[in-house]
$ cat target13.txt   # compact mmCIF, C-alpha atoms
# COMPACT_ATOMS: atom_id res chain seq x y z
CA MET A 1 -53.20 -45.35 -79.64
CA THR A 2 -51.80 -44.04 -82.91
CA GLU A 3 -49.58 -40.99 -83.13
CA ALA A 4 -52.15 -39.22 -85.32
CA HIS A 5 -54.85 -39.85 -82.73
CA GLN A 6 -52.60 -38.57 -79.94
CA GLY A 7 -51.80 -35.48 -82.01
CA GLY A 8 -55.51 -34.90 -82.58
CA GLU A 9 -56.17 -35.10 -78.85
CA ARG A 10 -53.33 -32.69 -78.20
CA GLY A 11 -54.74 -30.38 -80.88
CA ASP A 12 -58.19 -30.51 -79.27
CA ASP A 13 -56.62 -29.85 -75.88
CA ILE A 14 -54.69 -26.86 -77.22
CA HIS A 15 -57.82 -25.57 -78.97
CA ARG A 16 -59.80 -25.76 -75.71
CA ILE A 17 -57.05 -23.96 -73.79
CA VAL A 18 -56.90 -21.18 -76.41
CA GLU A 19 -60.70 -20.87 -76.26
CA ALA A 20 -60.54 -20.53 -72.46
CA ILE A 21 -57.84 -17.86 -72.67
CA LEU A 22 -59.85 -15.94 -75.28
CA TYR A 23 -63.00 -16.22 -73.16
CA LEU A 24 -61.19 -14.84 -70.10
CA TYR A 25 -59.70 -12.01 -72.15
CA THR A 26 -63.01 -11.15 -73.85
CA GLU A 27 -65.01 -11.20 -70.62
CA SER A 28 -62.48 -9.09 -68.76
CA ARG A 29 -62.47 -6.51 -71.57
CA ARG A 30 -66.27 -6.50 -71.70
CA VAL A 31 -66.55 -5.85 -67.95
CA THR A 32 -63.95 -3.08 -68.09
CA LYS A 33 -65.50 -1.46 -71.18
CA GLN A 34 -68.95 -1.56 -69.57
CA ALA A 35 -67.64 0.16 -66.44
CA ALA A 36 -65.69 2.66 -68.56
CA ARG A 37 -68.69 3.52 -70.72
CA HIS A 38 -70.74 4.15 -67.57
CA MET A 39 -68.03 6.58 -66.39
CA GLY A 40 -67.49 8.22 -69.78
CA LEU A 41 -63.97 6.79 -70.08
CA THR A 42 -62.14 4.18 -72.12
CA GLY A 43 -61.32 0.71 -70.81
CA PRO A 44 -57.58 1.46 -70.56
CA GLN A 45 -58.30 4.68 -68.65
CA VAL A 46 -60.38 2.76 -66.10
CA SER A 47 -57.67 0.11 -65.83
CA ALA A 48 -54.99 2.76 -65.28
CA LEU A 49 -57.06 4.48 -62.57
CA LYS A 50 -57.71 1.17 -60.82
CA VAL A 51 -53.99 0.28 -60.91
CA LEU A 52 -53.11 3.71 -59.49
CA GLU A 53 -55.83 3.28 -56.85
CA ALA A 54 -54.45 -0.10 -55.81
CA VAL A 55 -50.74 0.70 -55.94
CA GLY A 56 -50.38 4.47 -55.67
CA ASP A 57 -48.15 6.74 -57.73
CA LEU A 58 -46.22 4.98 -60.49
CA SER A 59 -43.71 5.93 -63.12
CA LEU A 60 -44.82 5.59 -66.73
CA SER A 61 -42.66 2.47 -67.09
CA GLU A 62 -44.14 0.89 -63.97
CA LEU A 63 -47.69 1.67 -65.10
CA SER A 64 -46.90 0.26 -68.56
CA PHE A 65 -45.52 -2.91 -66.98
CA ARG A 66 -48.52 -3.37 -64.69
CA MET A 67 -50.93 -2.84 -67.58
CA SER A 68 -48.88 -5.06 -69.92
CA ALA A 69 -48.68 -2.31 -72.53
CA ARG A 70 -45.95 -0.40 -74.33
CA ASN A 71 -44.76 2.91 -72.88
CA SER A 72 -45.94 4.72 -76.03
CA THR A 73 -49.46 3.36 -75.58
CA ILE A 74 -49.60 4.34 -71.92
CA THR A 75 -48.19 7.79 -72.74
CA GLY A 76 -51.21 8.47 -74.98
CA ILE A 77 -53.62 7.20 -72.34
CA VAL A 78 -51.98 9.31 -69.62
CA ASP A 79 -51.94 12.38 -71.91
CA ARG A 80 -55.73 12.17 -72.31
CA MET A 81 -56.27 11.43 -68.61
CA GLU A 82 -54.12 14.42 -67.66
CA ARG A 83 -56.06 16.63 -70.07
CA ASP A 84 -59.31 15.47 -68.43
CA GLY A 85 -58.04 16.11 -64.89
CA LEU A 86 -57.84 12.44 -63.86
CA VAL A 87 -54.08 12.27 -63.28
CA VAL A 88 -51.10 14.57 -62.93
CA ARG A 89 -47.47 14.06 -63.79
CA GLU A 90 -44.97 14.99 -61.10
CA ARG A 91 -41.20 14.66 -60.87
CA SER A 92 -40.07 12.03 -58.38
CA SER A 93 -38.63 13.56 -55.22
CA SER A 94 -35.99 10.81 -55.06
CA ASP A 95 -34.96 10.91 -58.74
CA ARG A 96 -35.76 14.07 -60.69
CA ARG A 97 -35.34 12.20 -63.99
CA VAL A 98 -38.40 10.06 -63.21
CA VAL A 99 -41.90 11.39 -63.81
CA MET A 100 -44.55 9.86 -61.58
CA ILE A 101 -48.22 9.47 -62.51
CA ARG A 102 -50.62 10.30 -59.68
CA ALA A 103 -54.40 10.10 -59.71
CA THR A 104 -56.11 13.38 -58.85
CA GLU A 105 -58.94 13.49 -56.33
CA HIS A 106 -61.34 13.39 -59.29
CA GLY A 107 -59.51 10.35 -60.71
CA LYS A 108 -59.57 8.61 -57.32
CA GLU A 109 -63.28 9.30 -56.97
CA ILE A 110 -63.95 7.76 -60.38
CA ALA A 111 -61.77 4.73 -59.54
CA ARG A 112 -63.72 4.16 -56.32
CA GLY A 113 -66.96 4.37 -58.28
CA VAL A 114 -66.07 1.59 -60.72
CA PRO A 115 -68.14 -1.36 -59.50
CA LEU A 116 -66.10 -4.23 -60.97
CA THR A 117 -62.98 -4.43 -63.07
CA SER A 118 -61.27 -7.32 -64.80
CA LEU A 119 -58.65 -7.30 -62.03
CA GLU A 120 -61.32 -7.79 -59.37
CA LEU A 121 -63.14 -10.34 -61.52
CA PHE A 122 -59.99 -12.44 -61.93
CA ALA A 123 -58.89 -11.96 -58.32
CA GLY A 124 -62.21 -13.32 -57.07
CA ALA A 125 -62.06 -16.29 -59.41
CA LEU A 126 -58.44 -17.02 -58.45
CA ARG A 127 -59.25 -16.89 -54.73
CA ALA A 128 -61.69 -19.75 -55.35
CA LEU A 129 -58.83 -22.00 -56.50
CA HIS A 130 -56.79 -24.10 -54.11
CA VAL A 131 -53.39 -22.67 -53.20
CA GLU A 132 -51.61 -25.49 -55.05
CA ASP A 133 -53.65 -24.83 -58.19
CA ARG A 134 -52.84 -21.10 -58.04
CA SER A 135 -49.16 -21.92 -57.67
CA ALA A 136 -49.25 -24.29 -60.65
CA LEU A 137 -51.22 -21.76 -62.70
CA ARG A 138 -48.71 -19.01 -61.88
CA ARG A 139 -45.84 -21.23 -63.05
CA ILE A 140 -47.68 -22.28 -66.22
CA LEU A 141 -48.69 -18.72 -67.10
CA ARG A 142 -45.14 -17.47 -66.51
CA ASP A 143 -43.83 -20.15 -68.89
CA LEU A 144 -46.58 -19.44 -71.43
CA ALA A 145 -45.89 -15.70 -71.32
CA GLU A 146 -42.19 -16.34 -71.90
CA HIS A 147 -42.93 -18.54 -74.94
CA VAL A 148 -45.31 -15.91 -76.35
CA ARG A 149 -42.76 -13.15 -75.74
CA ALA A 150 -40.07 -15.17 -77.57
CA GLU A 151 -42.41 -15.87 -80.51
CA VAL A 152 -43.42 -12.20 -80.78
CA GLU A 153 -39.78 -11.10 -80.70
CA GLU A 154 -38.91 -13.65 -83.38
CA HIS A 155 -41.82 -12.51 -85.53
CA GLU A 156 -40.86 -8.85 -85.12
CA ARG A 157 -37.24 -9.62 -86.08
CA GLU A 158 -38.41 -11.36 -89.26
CA ALA A 159 -41.06 -8.75 -90.22
CA PRO A 160 -39.99 -5.94 -92.55
CA ALA A 161 -39.75 -2.49 -91.01
CA ASP A 162 -42.76 -0.24 -91.71
CA GLY A 163 -40.84 1.72 -94.33
CA ASP A 164 -39.68 -1.54 -95.99
CA ALA A 165 -43.17 -3.01 -96.47
CA PRO A 166 -44.16 -3.69 -100.07
CA PRO A 167 -46.81 -1.30 -101.49
$ encode --input "target13.txt" --output "C-alpha cells"
Amino acid sequence: MTEAHQGGERGDDIHRIVEAILYLYTESRRVTKQAARHMGLTGPQVSALKVLEAVGDLSLSELSFRMSARNSTITGIVDRMERDGLVVRERSSSDRRVVMIRATEHGKEIARGVPLTSLELFAGALRALHVEDRSALRRILRDLAEHVRAEVEEHEREAPADGDAPP
C-alpha cells in the first residue's frame, strides 16, 4: 500500500471520527435545548440545574469545571438564574472566601421536571458499552482533550490581543 493511500485512509478515519464527535455534540445540545425551551430556560441553565441536582452545592469554579466552561461564562448564567429564583449564592461555612451555588426549591423542581438531558443521554449510551471499551474510551478522550487544550493554548498565545487586532 502506498503512503498516499495510507494517508488517505487515515484522513477518512479522522474525518469519520470528527463527524461522530460533532454528531454527539449536536444531538446532546439539541436534547438540552429542547428541554430548556419547554421549561422557559436556556440550555446552559438546564445543564447547571441538572449538575447541581446530581452533585449538590458547588462553588463557581467547580460548576465551571463540571460544565466545561469558563468562570466568566458561568458567572453570567448564575447571575440570570439567581435573578429568576433558580439558585442562590451562599458563603461556604468552611471557607468564607468561597461562594457556593445552591439550587432553590424552585430550581430543584425544574431540574426534576427535565425529562432527558445530554448527561443522561450519554450515560445511557455509555452503560451499553463493555467495561473495557469504556475504559479505553476514557483514556482516549482524556488524551484527546489534552491535545485540544494544548492546541487551543498555542493558538491563544499566537493570536493578537483584542486591542491589538487590525481594524
$ closest_residue --input "target13.txt" --among "A:Ala123, A:Val78, A:Val87, A:Ala111" --to "Ala36 (chain A)" --atoms "all atoms listed in the file"
A:Ala111
$ closest_residue --input "target13.txt" --among "A:Arg10, A:Arg70, A:Arg16, A:Arg102" --to "Ala54 (chain A)" --atoms "all atoms listed in the file"
A:Arg102
$ atom_distance --input "target13.txt" --atom1 "CA of Ser92 (chain A)" --atom2 "CA of Ser59 (chain A)"
8.5 Å
$ closest_residue --input "target13.txt" --among "A:Leu141, A:Val51, A:Ile14, A:Leu86" --to "Glu120 (chain A)" --atoms "all atoms listed in the file"
A:Val51
$ atom_distance --input "target13.txt" --atom1 "CA of Gly56 (chain A)" --atom2 "CA of Ile101 (chain A)"
8.7 Å
$ atom_distance --input "target13.txt" --atom1 "CA of Lys50 (chain A)" --atom2 "CA of Glu19 (chain A)"
27.1 Å
$ closest_residue --input "target13.txt" --among "A:Glu151, A:Phe65, A:Asp57, A:Val114" --to "Arg89 (chain A)" --atoms "all atoms listed in the file"
A:Asp57
$ residues_near_point --input "target13.txt" --point "(-49.1, 11.5, -61.8)" --cutoff "12 Å" --atoms "all atoms listed in the file" --output "ChimeraX atom specification"
/A:48-49,52-53,56-60,62-63,75,78-79,81-83,85-92,98-105,107-108
$ build_atoms --input "target13.txt" --residues "region 36-50 of chain A" --atoms "N, CA and C atoms" --output "short mmCIF file (atom, residue, chain, number, x, y, z; two decimals), in the frame of the given file"
data_model
loop_
_atom_site.label_atom_id
_atom_site.label_comp_id
_atom_site.auth_asym_id
_atom_site.auth_seq_id
_atom_site.Cartn_x
_atom_site.Cartn_y
_atom_site.Cartn_z
N ALA A 36 -66.26 1.44 -67.97
CA ALA A 36 -65.69 2.66 -68.56
C ALA A 36 -66.78 3.47 -69.24
N ARG A 37 -67.62 2.82 -70.00
CA ARG A 37 -68.69 3.52 -70.72
C ARG A 37 -69.60 4.23 -69.72
N HIS A 38 -69.89 3.57 -68.62
CA HIS A 38 -70.74 4.15 -67.57
C HIS A 38 -70.10 5.42 -67.00
N MET A 39 -68.76 5.45 -66.95
CA MET A 39 -68.03 6.58 -66.39
C MET A 39 -67.62 7.60 -67.45
N GLY A 40 -67.89 7.32 -68.71
CA GLY A 40 -67.49 8.22 -69.78
C GLY A 40 -66.01 8.14 -70.10
N LEU A 41 -65.40 6.99 -69.84
CA LEU A 41 -63.97 6.79 -70.08
C LEU A 41 -63.75 5.62 -71.03
N THR A 42 -62.48 5.38 -71.35
CA THR A 42 -62.14 4.18 -72.12
C THR A 42 -61.74 3.07 -71.15
N GLY A 43 -61.74 1.84 -71.64
CA GLY A 43 -61.32 0.71 -70.81
C GLY A 43 -59.92 0.88 -70.25
N PRO A 44 -58.94 1.26 -71.09
CA PRO A 44 -57.58 1.46 -70.56
C PRO A 44 -57.49 2.57 -69.52
N GLN A 45 -58.31 3.61 -69.65
CA GLN A 45 -58.30 4.68 -68.65
C GLN A 45 -58.79 4.14 -67.31
N VAL A 46 -59.86 3.36 -67.34
CA VAL A 46 -60.38 2.76 -66.10
C VAL A 46 -59.33 1.84 -65.50
N SER A 47 -58.70 1.02 -66.34
CA SER A 47 -57.67 0.11 -65.83
C SER A 47 -56.53 0.88 -65.20
N ALA A 48 -56.08 1.95 -65.83
CA ALA A 48 -54.99 2.76 -65.28
C ALA A 48 -55.39 3.36 -63.93
N LEU A 49 -56.61 3.89 -63.84
CA LEU A 49 -57.06 4.48 -62.57
C LEU A 49 -57.14 3.42 -61.48
N LYS A 50 -57.60 2.23 -61.82
CA LYS A 50 -57.71 1.17 -60.82
C LYS A 50 -56.32 0.70 -60.37
#
